[in-house]
Structure formats: C-alpha cells, structure tokens
file structure.cif (mmCIF, C-alpha atoms)
data_structure
loop_
_atom_site.label_atom_id
_atom_site.label_comp_id
_atom_site.auth_asym_id
_atom_site.auth_seq_id
_atom_site.Cartn_x
_atom_site.Cartn_y
_atom_site.Cartn_z
CA MET A 1 48.85 -48.34 102.58
CA LYS A 2 49.50 -46.56 99.32
CA ILE A 3 53.07 -45.87 98.26
CA SER A 4 53.86 -43.44 95.46
CA LEU A 5 57.16 -44.13 93.74
CA LEU A 6 58.60 -41.25 91.72
CA ILE A 7 61.43 -42.12 89.36
CA SER A 8 63.36 -39.04 88.27
CA GLY A 9 64.39 -38.97 84.65
CA VAL A 10 62.28 -42.03 83.81
CA THR A 11 58.70 -40.92 84.40
CA ILE A 12 59.41 -37.58 86.02
CA GLY A 13 56.39 -36.25 84.15
CA LEU A 14 54.37 -37.12 87.23
CA ALA A 15 56.33 -34.68 89.35
CA SER A 16 56.23 -32.11 86.57
CA SER A 17 52.45 -32.35 86.20
CA LEU A 18 51.90 -32.00 89.93
CA ILE A 19 53.98 -28.84 90.25
CA GLY A 20 51.66 -25.86 90.24
CA HIS A 21 48.56 -28.01 90.82
CA GLN A 22 46.68 -28.62 94.03
CA VAL A 23 47.22 -32.14 95.30
CA GLU A 24 44.10 -33.09 97.26
CA ALA A 25 45.24 -36.46 98.63
CA ALA A 26 48.87 -36.94 99.42
CA PRO A 27 50.18 -40.52 99.38
CA SER A 28 50.79 -42.31 102.66
CA MET A 29 54.45 -42.52 101.71
CA GLY A 30 56.34 -40.91 98.86
CA LEU A 31 59.52 -42.62 97.61
CA VAL A 32 61.88 -41.01 95.11
CA LEU A 33 64.57 -42.56 92.93
CA PRO A 34 66.44 -39.38 91.94
CA GLY A 35 68.45 -38.47 88.87
CA GLY A 36 67.98 -37.40 85.27
CA TRP A 37 67.23 -33.77 86.13
CA GLN A 38 69.41 -32.46 83.30
CA ALA A 39 66.70 -33.60 80.86
CA TRP A 40 64.51 -30.82 82.25
CA GLY A 41 66.97 -28.03 81.54
CA SER A 42 66.01 -24.82 83.36
CA ARG A 43 63.36 -26.66 85.41
CA ALA A 44 65.86 -29.08 86.97
CA LYS A 45 66.17 -27.21 90.27
CA GLU A 46 62.40 -26.84 90.46
CA ILE A 47 61.99 -30.62 90.04
CA GLN A 48 64.63 -31.31 92.69
CA GLN A 49 63.00 -28.95 95.16
CA TRP A 50 59.57 -30.52 94.56
CA GLU A 51 61.01 -33.98 95.17
CA ALA A 52 62.63 -32.81 98.41
CA GLN A 53 59.35 -31.34 99.67
CA ASN A 54 57.09 -34.22 98.61
CA SER A 55 59.10 -37.28 99.53
CA ASP A 56 59.36 -39.29 102.70
CA ILE A 57 62.40 -41.25 101.54
CA VAL A 58 64.84 -40.58 98.71
CA PHE A 59 66.89 -43.54 97.56
CA GLY A 60 69.99 -41.70 96.44
CA SER A 61 70.89 -38.01 96.58
CA LEU A 62 68.98 -34.96 95.43
CA GLY A 63 72.27 -33.37 94.44
CA THR A 64 73.04 -31.09 97.39
CA ALA A 65 73.33 -31.52 101.14
CA GLU A 66 70.74 -28.73 101.63
CA LEU A 67 68.07 -30.60 99.65
CA ASN A 68 68.95 -33.96 101.17
CA LYS A 69 68.43 -32.56 104.68
CA GLN A 70 64.86 -31.57 103.78
CA THR A 71 63.87 -35.22 103.53
CA ARG A 72 65.26 -38.65 104.43
CA ALA A 73 67.85 -39.20 101.74
CA LEU A 74 69.54 -42.61 101.72
CA GLY A 75 72.74 -43.01 99.73
CA TYR A 76 74.15 -46.24 98.38
CA MET A 77 76.73 -48.27 100.26
CA TYR A 78 78.88 -51.12 98.99
CA SER A 79 80.31 -52.38 102.25
CA GLN A 80 81.27 -55.73 100.74
CA LYS A 81 84.03 -54.33 98.52
CA LEU A 82 86.89 -51.88 98.15
CA ASP A 83 88.29 -50.84 94.77
CA CYS A 84 91.50 -52.32 93.32
CA PHE A 85 92.48 -48.82 92.18
CA ALA A 86 92.10 -46.78 95.33
CA GLY A 87 89.74 -43.82 95.39
CA GLU A 88 88.62 -41.47 98.12
CA GLN A 89 87.09 -44.10 100.43
CA GLU A 90 90.12 -46.39 100.30
CA ALA A 91 92.46 -43.43 100.83
CA TRP A 92 90.48 -42.21 103.84
CA LEU A 93 90.37 -45.67 105.44
CA HIS A 94 94.07 -46.39 104.88
CA ARG A 95 95.14 -43.03 106.27
CA GLN A 96 92.95 -43.36 109.36
CA LEU A 97 94.28 -46.83 110.19
CA TRP A 98 97.95 -46.00 109.60
CA GLN A 99 97.55 -43.01 111.92
CA GLN A 100 96.29 -45.41 114.60
CA GLY A 101 99.25 -47.72 114.05
CA ILE A 102 97.04 -50.40 112.43
CA ASN A 103 97.92 -52.07 109.15
CA PRO A 104 95.15 -51.32 106.59
CA GLU A 105 95.52 -54.87 105.25
CA HIS A 106 93.04 -55.80 107.98
CA LEU A 107 90.41 -54.11 105.82
CA TYR A 108 90.68 -56.94 103.30
CA LEU A 109 89.84 -60.61 103.10
CA HIS A 110 92.80 -62.79 102.08
CA ALA A 111 93.07 -66.23 100.53
CA ALA A 112 94.57 -68.52 103.18
CA GLN A 113 96.40 -70.63 100.61
CA GLU A 114 97.17 -70.53 96.90
CA THR A 115 93.81 -70.05 95.20
CA HIS A 116 92.88 -70.49 91.55
CA LEU A 117 89.81 -68.53 90.44
CA ALA A 118 88.29 -69.37 87.05
CA TYR A 119 86.70 -66.74 84.82
CA ASP A 120 85.14 -66.46 81.37
CA HIS A 121 85.64 -62.74 80.96
CA LEU A 122 87.53 -60.02 82.84
CA SER A 123 86.33 -56.47 83.25
CA VAL A 124 88.58 -53.79 81.78
CA LYS A 125 89.69 -52.58 85.20
CA ALA A 126 90.35 -56.11 86.47
CA GLN A 127 92.55 -56.72 83.43
CA GLN A 128 94.37 -53.43 84.01
CA PHE A 129 95.03 -54.43 87.61
CA LEU A 130 96.33 -57.86 86.62
CA ASP A 131 98.46 -56.21 83.93
CA GLY A 132 100.06 -54.10 86.68
CA LYS A 133 98.80 -50.61 85.95
CA PRO A 134 100.16 -48.20 88.62
CA LEU A 135 97.85 -45.88 90.51
CA HIS A 136 99.76 -42.90 89.12
CA MET A 137 103.11 -41.86 87.62
CA MET A 138 104.92 -38.55 87.77
CA VAL A 139 108.02 -37.02 86.20
CA LYS A 140 110.29 -35.04 88.50
CA LYS A 141 112.80 -32.53 87.20
CA GLY A 142 114.45 -30.52 89.93
CA THR A 143 111.58 -29.33 92.10
CA VAL A 144 108.96 -29.59 89.33
CA LEU A 145 106.47 -32.47 89.42
CA GLN A 146 104.08 -33.26 86.61
CA THR A 147 101.86 -36.20 85.67
CA ALA A 148 103.61 -38.72 83.41
CA ARG A 149 101.79 -39.90 80.30
CA LEU A 150 103.30 -42.66 78.21
CA PRO A 151 104.99 -42.76 75.82
CA LEU A 152 107.60 -40.28 77.03
CA THR A 153 111.33 -39.67 76.85
CA LEU A 154 113.26 -39.03 80.04
CA SER A 155 116.37 -36.91 79.97
CA ILE A 156 119.27 -37.73 82.28
CA ASP A 157 118.18 -35.06 84.78
CA GLU A 158 114.60 -36.37 85.07
CA GLU A 159 113.17 -39.08 87.30
CA LEU A 160 110.04 -41.20 86.91
CA ILE A 161 108.06 -41.68 90.14
CA VAL A 162 105.83 -44.78 90.08
CA VAL A 163 103.00 -44.67 92.63
CA THR A 164 100.78 -47.57 93.73
CA SER A 165 98.22 -48.07 96.50
CA GLN A 166 99.68 -51.45 97.46
CA PRO A 167 103.22 -52.84 97.36
CA PHE A 168 104.50 -54.69 94.30
CA VAL A 169 107.00 -57.52 93.96
CA ALA A 170 108.53 -56.50 90.62
CA ILE A 171 108.54 -53.73 88.04
CA ASN A 172 108.54 -54.15 84.26
CA VAL A 173 110.76 -51.66 82.41
CA PRO A 174 111.96 -51.26 78.81
CA SER A 175 115.66 -51.35 79.66
CA ILE A 176 117.93 -52.01 82.63
CA ASP A 177 121.00 -50.50 81.00
CA THR A 178 122.02 -47.48 83.11
CA LEU A 179 118.84 -47.90 85.21
CA SER A 180 118.72 -46.86 88.87
CA ILE A 181 115.80 -47.78 91.15
CA SER A 182 115.17 -46.59 94.69
CA LEU A 183 112.24 -47.07 97.08
CA ALA A 184 110.63 -44.38 99.22
CA LYS A 185 111.13 -44.92 102.95
CA PRO A 186 109.48 -43.09 105.88
CA GLU A 187 110.69 -42.75 109.44
CA GLN A 188 107.35 -44.24 110.47
CA VAL A 189 105.08 -46.24 108.15
CA GLY A 190 102.51 -43.99 106.51
CA ALA A 191 104.48 -40.80 107.23
CA LEU A 192 106.55 -38.50 105.00
CA ILE A 193 109.52 -39.75 102.99
CA THR A 194 112.80 -39.46 104.86
CA GLU A 195 115.05 -41.34 102.43
CA TRP A 196 115.23 -43.25 99.18
CA GLN A 197 116.65 -46.76 99.49
CA SER A 198 118.67 -47.72 96.41
CA LEU A 199 118.28 -51.20 94.96
CA VAL A 200 121.25 -53.11 93.64
CA ILE A 201 120.09 -54.59 90.34
CA ASP A 202 121.63 -58.02 90.01
CA ASN A 203 121.29 -60.15 86.89
CA SER A 204 119.54 -62.77 89.01
CA ASP A 205 116.78 -60.22 89.72
CA VAL A 206 116.08 -59.61 86.04
CA SER A 207 113.97 -61.81 83.78
CA SER A 208 112.00 -61.57 80.58
CA ASN A 209 108.24 -61.91 80.73
CA PRO A 210 106.48 -63.13 77.58
CA ASP A 211 103.25 -61.50 78.74
CA LYS A 212 104.97 -58.10 78.90
CA GLY A 213 106.41 -58.10 75.40
CA SER A 214 109.89 -56.57 75.31
CA LEU A 215 109.74 -55.35 78.91
CA LEU A 216 112.22 -56.74 81.41
CA GLN A 217 111.05 -57.65 84.89
CA VAL A 218 113.13 -56.47 87.83
CA ALA A 219 112.35 -58.16 91.15
CA ILE A 220 111.96 -55.85 94.16
CA GLU A 221 113.83 -57.71 96.89
CA LYS A 222 113.48 -55.00 99.55
CA GLN A 223 110.34 -54.35 101.59
CA MET A 224 108.21 -51.48 100.32
CA GLN A 225 106.64 -49.19 102.93
CA ALA A 226 103.70 -46.80 102.72
CA VAL A 227 104.54 -43.07 102.60
CA THR A 228 102.53 -39.85 102.47
CA PRO A 229 102.50 -38.52 98.85
CA TRP A 230 104.78 -35.55 99.32
CA LEU A 231 108.26 -35.00 97.94
CA GLY A 232 109.87 -32.65 100.41
CA GLU A 233 107.59 -29.62 100.59
CA TYR A 234 105.87 -30.48 97.30
CA HIS A 235 102.49 -32.20 97.38
CA PHE A 236 101.33 -34.57 94.64
CA ASN A 237 98.80 -32.11 93.25
CA THR A 238 97.66 -34.53 90.57
CA GLY A 239 93.88 -34.31 90.54
CA HIS A 240 93.80 -37.95 91.66
CA ARG A 241 91.45 -37.96 94.64
CA ALA A 242 93.32 -40.63 96.65
CA LEU A 243 96.57 -38.64 96.39
CA ASP A 244 94.85 -35.31 96.97
CA ILE A 245 93.74 -36.45 100.42
CA ASP A 246 97.14 -37.95 101.28
CA MET A 247 96.60 -41.69 100.97
CA PRO A 248 99.77 -43.43 102.18
CA VAL A 249 101.13 -45.01 98.99
CA TYR A 250 104.14 -46.97 97.72
CA MET A 251 106.70 -45.25 95.52
CA ALA A 252 109.62 -46.28 93.37
CA ARG A 253 111.95 -43.73 91.75
CA LEU A 254 113.45 -44.65 88.38
CA SER A 255 116.15 -42.86 86.43
CA TRP A 256 118.54 -43.66 83.59
CA SER A 257 121.95 -42.13 83.07
CA THR A 258 121.26 -41.90 79.33
CA PRO A 259 118.10 -40.55 77.65
CA GLN A 260 115.38 -43.22 77.77
CA THR A 261 112.17 -43.57 75.77
CA ILE A 262 109.44 -45.34 77.71
CA ASP A 263 106.53 -46.69 75.70
CA ALA A 264 105.21 -49.01 78.41
CA LEU A 265 105.82 -49.70 82.09
CA SER A 266 103.98 -51.82 84.63
CA VAL A 267 104.34 -53.40 88.06
CA ASP A 268 103.67 -56.90 89.39
CA TYR A 269 101.21 -56.97 92.31
CA GLY A 270 101.99 -60.63 92.89
CA LEU A 271 99.09 -62.37 91.13
CA ARG A 272 99.37 -64.65 88.09
CA GLN A 273 97.17 -65.37 85.11
CA GLU A 274 97.17 -68.95 83.85
CA ALA A 275 94.83 -69.71 80.97
CA LYS A 276 91.37 -68.74 82.26
CA HIS A 277 92.44 -68.61 85.90
CA VAL A 278 93.83 -65.99 88.25
CA VAL A 279 96.23 -67.41 90.83
CA MET A 280 96.45 -65.72 94.24
CA PRO A 281 99.17 -66.79 96.68
CA GLY A 282 97.88 -67.40 100.20
CA TRP A 283 98.37 -65.23 103.26
CA ASP A 284 98.17 -66.25 106.92
CA TRP A 285 98.70 -63.65 109.66
CA ARG A 286 100.15 -66.40 111.88
CA ASN A 287 103.18 -66.45 109.59
CA ASP A 288 103.79 -62.72 110.11
CA ALA A 289 105.62 -62.54 113.44
CA ASN A 290 105.78 -58.73 113.64
CA GLY A 291 102.38 -58.12 112.00
CA ASP A 292 103.64 -55.66 109.37
CA GLY A 293 101.94 -57.38 106.42
CA TYR A 294 105.26 -58.57 104.95
CA LEU A 295 107.29 -61.76 105.40
CA ASP A 296 111.03 -61.23 105.48
CA ASP A 297 113.34 -64.15 104.70
CA ASN A 298 113.34 -65.45 108.28
CA GLU A 299 109.56 -65.25 108.62
CA TYR A 300 109.12 -66.91 105.25
CA ARG A 301 111.35 -69.86 106.20
CA GLN A 302 109.54 -70.33 109.52
CA ARG A 303 105.95 -70.17 108.22
CA THR A 304 103.33 -71.94 110.30
CA ASN A 305 101.09 -72.30 107.25
CA LEU A 306 103.29 -73.50 104.41
CA LYS A 307 100.39 -73.23 101.95
CA ALA A 308 100.44 -69.46 102.38
CA GLN A 309 103.22 -68.29 100.05
CA ALA A 310 102.65 -64.54 99.66
CA ARG A 311 105.38 -62.15 100.77
CA TYR A 312 102.88 -59.29 101.11
CA ALA A 313 99.38 -59.67 102.52
CA SER A 314 98.14 -57.51 99.64
CA GLN A 315 99.05 -60.24 97.14
CA ALA A 316 96.33 -62.45 98.61
CA ARG A 317 93.47 -59.94 98.70
CA LEU A 318 90.38 -61.77 97.47
CA ILE A 319 89.11 -60.49 94.13
CA PRO A 320 85.76 -61.89 92.90
CA ILE A 321 87.20 -62.52 89.45
CA GLY A 322 84.51 -62.95 86.80
CA ASN A 323 81.75 -61.78 89.18
CA MET A 324 82.08 -58.01 89.09
CA TRP A 325 80.12 -55.32 87.31
CA PRO A 326 81.53 -54.21 83.95
CA GLY A 327 84.25 -51.61 84.36
CA THR A 328 85.00 -52.45 88.00
CA CYS A 329 87.68 -54.24 90.00
CA TRP A 330 86.90 -55.16 93.61
CA GLN A 331 88.69 -56.55 96.61
CA ARG A 332 86.54 -58.19 99.28
CA THR A 333 86.07 -56.58 102.69
CA ASN A 334 87.08 -58.21 105.97
CA PHE A 335 84.51 -57.79 108.78
CA SER A 336 86.39 -59.72 111.46
CA HIS A 337 88.75 -56.95 112.63
CA PRO A 338 87.22 -54.52 115.20
CA SER A 339 89.41 -51.53 114.31
CA ALA A 340 88.77 -51.99 110.59
CA ASN A 341 85.03 -52.20 111.26
CA GLN A 342 85.17 -49.02 113.33
CA ALA A 343 87.04 -47.28 110.51
CA HIS A 344 84.25 -48.28 108.11
CA MET A 345 81.63 -46.86 110.48
CA ASP A 346 83.60 -43.63 110.86
CA TRP A 347 83.87 -43.31 107.08
CA TYR A 348 80.11 -43.61 106.56
CA LYS A 349 79.40 -41.13 109.35
CA TYR A 350 81.76 -38.66 107.68
CA ASP A 351 80.49 -39.33 104.16
CA TRP A 352 76.80 -39.20 105.04
CA HIS A 353 77.18 -36.01 107.09
CA ARG A 354 78.90 -34.06 104.32
CA GLN A 355 76.22 -35.13 101.81
CA GLY A 356 73.31 -34.44 104.17
CA LEU A 357 72.25 -38.10 104.05
CA SER A 358 70.28 -39.91 106.73
CA GLY A 359 71.91 -43.25 105.95
CA ALA A 360 72.33 -45.62 103.02
CA THR A 361 70.84 -48.69 101.37
CA THR A 362 72.64 -51.91 100.50
CA MET A 363 72.82 -53.67 97.15
CA ILE A 364 69.87 -55.90 98.13
CA TRP A 365 67.61 -52.88 98.62
CA GLN A 366 68.79 -51.39 95.34
CA SER A 367 67.87 -54.59 93.51
CA CYS A 368 64.42 -54.53 95.13
CA LEU A 369 63.87 -50.90 94.14
CA VAL A 370 64.85 -51.58 90.54
CA ALA A 371 62.39 -54.48 90.46
CA ILE A 372 59.65 -52.28 91.95
CA SER A 373 60.32 -49.47 89.50
CA ILE A 374 60.14 -51.81 86.52
CA LYS A 375 56.89 -53.37 87.80
CA CYS A 376 55.35 -49.97 88.49
CA SER A 377 56.42 -48.58 85.14
CA LYS A 378 54.86 -51.50 83.31
CA GLU A 379 51.62 -51.72 85.25
CA ALA A 380 50.79 -48.08 85.98
CA LEU A 381 52.29 -45.05 84.31
CA SER A 382 50.96 -43.03 87.22
CA LEU A 383 53.55 -44.87 89.30
CA SER A 384 51.05 -45.58 92.05
CA CYS A 385 52.04 -48.89 93.64
CA GLN A 386 49.82 -50.70 96.08
CA ALA A 387 51.87 -52.32 98.85
CA ARG A 388 50.77 -55.87 99.63
#
call {"tool": "encode", "arguments": {"input": "structure.cif", "output": "structure tokens"}}
result
Amino acid sequence: MKISLLISGVTIGLASSLIGHQVEAAPSMGLVLPGGWQAWGSRAKEIQQWEAQNSDIVFGSLGTAELNKQTRALGYMYSQKLDCFAGEQEAWLHRQLWQQGINPEHLYLHAAQETHLAYDHLSVKAQQFLDGKPLHMMVKKGTVLQTARLPLTLSIDEELIVVTSQPFVAINVPSIDTLSISLAKPEQVGALITEWQSLVIDNSDVSSNPDKGSLLQVAIEKQMQAVTPWLGEYHFNTGHRALDIDMPVYMARLSWSTPQTIDALSVDYGLRQEAKHVVMPGWDWRNDANGDGYLDDNEYRQRTNLKAQARYASQARLIPIGNMWPGTCWQRTNFSHPSANQAHMDWYKYDWHRQGLSGATTMIWQSCLVAISIKCSKEALSLSCQAR
C-alpha cells in the first residue's frame, strides 16, 4: 500500500507541480497536513482546492467548511485539558452545564488533598494565572461600558468591573481608603445579575502581600456566584470570545469615593507559590453537603476529609505545572462525570459540524504525523512514503 503524504507550506511544491498535469497513477491513499497557503499568494485557493480534491484524509482544516466537506478532514482535539483563561470551548461547556443545573466544576480534576507540584520553569500564561490576572476588566460610567487598560485613573462616578472565569478568594488593590467592593449575584446561578452584594471591609480582612508589591490584599469572605455577563440591558461587547458567547463568570465591582489611580490590580485564585513549587489546596466533594462547589463555614468545620482545605473546588483544579507547552496554561479534564462527558461530546459535535470536519485526531496521532513528515522529508523529497 502506497501512501502519499502532502505537507502544505513545507514541500507544497509537489501539489503545485501536479496541478495542471495529468496524474497517471493516483496513490492508494492521499494524506494532507494543511497550512502555509499564504506563501503561495494568489495561488493559495487553487492549492487548497487541489488538496481537497486529491486527499483521502486531511489532518487539520483546509480553511473553510465547504472545502473540508469535500474530503475527510480531521481537526485536532485536546480532550485532556481545558485552558486556565477560558476561551470559547470553556465558555460553551460552562454555559451548557449551568443551564442543566450542573456545576461545571465536574469538568475538572481536583487534587484530593494539599498538593505541592515542583517546576523548573513556568510558561508565561501559567505565571499570569498564578499572579492572579483577571479574565477581563471593564470601566462603567453611567450606562457606558468600556474595556479597562491599566494604568488608569477612576473618577468618583466610575466603577471598575473585575471579571474572572472562576471564583477568587481575595483581590489585590492599590488602596482601601474610600474603597467599596460588591459582588454580582443572580437569582439563579449562571443567570443574569439581580443584585450587587456589598462587602464590609474589616481590617482583619486586609493584609499586605510581599509578592504583590505595594498592593493590599482584601479577603473575599462571601461566596461568589456565576452570572451571565450582562449589566442590565447592556452586554459585555468586549471582543473576548468567552464573554461574547455569554460564559457565566464571576464579577466584583470596585469604586472609590475619591479619584484613584490604578497601576496594578490582581485577584487570588487560591493557589500559592513557594520557592519552585505551586501549592494547591485539596478538594473533596464529600465535604460539600449541598454540592455547590463551595464550603461555607459549617461545611468547612464538618469536613469528612480534613486534608482537603479548599473553600472553592476551583482552587484545587489540577494544573500540570512545568509540563505544558510554552505560552499555555492548562487544567486537567475529569472523565468520571457522565454529564460532563456528554457536554464534551456535544461540544465536539457542534464544533466539528460548523467547521465541516469528519472528526478529530488526538495528540498521539499528531506526534506520529510529525514523525512521519520529518522522516518523509528527509528520505524522499517526493514525499512518497511506503507503509510497512
């Protein structure tokens, strides 16, 4: 059996040379690794169309659903992880589960007890997550909402809306003088905001954090709840894909009664960094009597598993610290919850259908294809690989 492997953008010259020529003997199977069409300028669409017509399987996408449907196009799937900073997939999954009355925390694996993970180097995004970067921030003045970019100065009639995709246990601010904080609350978890719950800032809730420079840390003693990203009739039209498709998020509203310059601001997702370790507090669903992903004071005192010390399940999401691709931050997927598994299946059905894909390959297949492409490129520039 002879397999022809065509690698777009690497040795696409093969496809280019075949266009306009009579091919007397077609390969038994034609595989395409697509991409790199921009290098061919005005001929890019011609190359894509040729690949669609002369391939049996495409590992990736040919760029449009129409072309993908002409062949068997297989996308890439990373079922073993979700992103720390939520994107479209995470938003879709969270929204679907909240609408079914299921806590999206069941999508994630959690450390069952306090866990110390060693690392030599952190990716940029992992460091940003540990540093407490919010998902988004907005400034509200009257009915006007606009994306907040630090540094900025808030006037007394402006509010800063801090948005995250998971709850946080504290917020780091430049000043607590004249500060007011309130949390968004829905009538039903995952629904629209019905009220803002004010926090009483007590001196016992405020501490300095050497890792945060001059910022003061204010503990959030009330439970945060997921809300749809609308303020009244105004949608968070931010350009952030997770917010654009209404991911239920967590919001805190900050204001100062005197003008306030904000050079830096962060939240605390409940993890700690100690030397070259990341410390995750444990989570055990047996401790959570009402199953809402949060331990109130009574639940915390009556824990079945005393080694699980997280208040929120999200604090204990497993992150493969030190073992992620550069520029990424992952949280491991839980495959033991039937409804979460069904949500994953529904997501891929939706995602594949809109892209015109026939399915997807896993990371193992991708590694094999890369190895094949390297071998073929080295041994035969014609890219004709004999299967053994």
call {"tool": "resolve_selection", "arguments": {"input": "structure.cif", "expression": "the PyMOL selection byres ((chain A and resi 170) around 8)", "output": "MDAnalysis selection string"}}
result
chainID A and resid 168:169 171:172 217:220 267:269
call {"tool": "resolve_selection", "arguments": {"input": "structure.cif", "expression": "the PyMOL selection byres ((chain A and resi 298-310) around 12)", "output": "PyMOL selection string"}}
result
chain A and resi 110-115+167-169+269-271+279-297+311-317
call {"tool": "atom_distance", "arguments": {"input": "structure.cif", "atom1": "CA of Lys276 in chain A", "atom2": "CA of Lys133 in chain A"}}
result
19.9 Å
call {"tool": "atom_distance", "arguments": {"input": "structure.cif", "atom1": "CA of Leu62 in chain A", "atom2": "CA of Trp330 in chain A"}}
result
27.1 Å
call {"tool": "closest_residue", "arguments": {"input": "structure.cif", "among": "A:Ala52, A:Val200, A:Ala226, A:Ala65", "to": "Pro34 in chain A", "atoms": "only C-alpha atoms"}}
result
A:Ala52
call {"tool": "closest_residue", "arguments": {"input": "structure.cif", "among": "A:Gln223, A:Ser257, A:Thr362, A:Gln89", "to": "His344 in chain A", "atoms": "only C-alpha atoms"}}
result
A:Gln89
call {"tool": "closest_residue", "arguments": {"input": "structure.cif", "among": "A:Pro259, A:Leu357, A:Lys140, A:Gln48", "to": "Phe236 in chain A", "atoms": "all atoms listed in the file"}}
result
A:Lys140
call {"tool": "atom_distance", "arguments": {"input": "structure.cif", "atom1": "CA of Ser61 in chain A", "atom2": "CA of Lys125 in chain A"}}
result
26.4 Å
call {"tool": "resolve_selection", "arguments": {"input": "structure.cif", "expression": "the PyMOL selection byres ((chain A and resi 123) around 12)", "output": "PyMOL selection string"}}
result
chain A and resi 119-122+124-130+319-330
call {"tool": "closest_residue", "arguments": {"input": "structure.cif", "among": "A:Asp56, A:Glu187, A:Asp83, A:Glu274", "to": "His116 in chain A", "atoms": "all atoms listed in the file"}}
result
A:Glu274
call {"tool": "axis_aligned_box", "arguments": {"input": "structure.cif", "around": "range 111-118 of chain A", "padding_each_side": "4 Å", "output": "AutoDock Vina command-line options"}}
result
--center_x 92.7 --center_y -68.4 --center_z 95.1 --size_x 16.9 --size_y 12.4 --size_z 24.1
call {"tool": "closest_residue", "arguments": {"input": "structure.cif", "among": "A:Tyr348, A:Trp98, A:Tyr234, A:Tyr250", "to": "Trp196 in chain A", "atoms": "all atoms listed in the file"}}
result
A:Tyr250
call {"tool": "closest_residue", "arguments": {"input": "structure.cif", "among": "A:Ala242, A:Asp131, A:Val227, A:Gln188", "to": "Arg272 in chain A", "atoms": "only C-alpha atoms"}}
result
A:Asp131
call {"tool": "residues_around", "arguments": {"input": "structure.cif", "residues": "Thr71 in chain A", "least_positions_apart": "6", "cutoff": "12 Å", "atoms": "all atoms listed in the file", "output": "VMD selection string"}}
result
chain A and resid 30 to 32 48 to 62 64 to 65 356 to 359
call {"tool": "residues_around", "arguments": {"input": "structure.cif", "residues": "Glu159 in chain A", "least_positions_apart": "2", "cutoff": "10 Å", "atoms": "only C-alpha atoms", "output": "PyMOL selection string"}}
result
chain A and resi 138-142+145+154-157+161-162+180-181+253-256
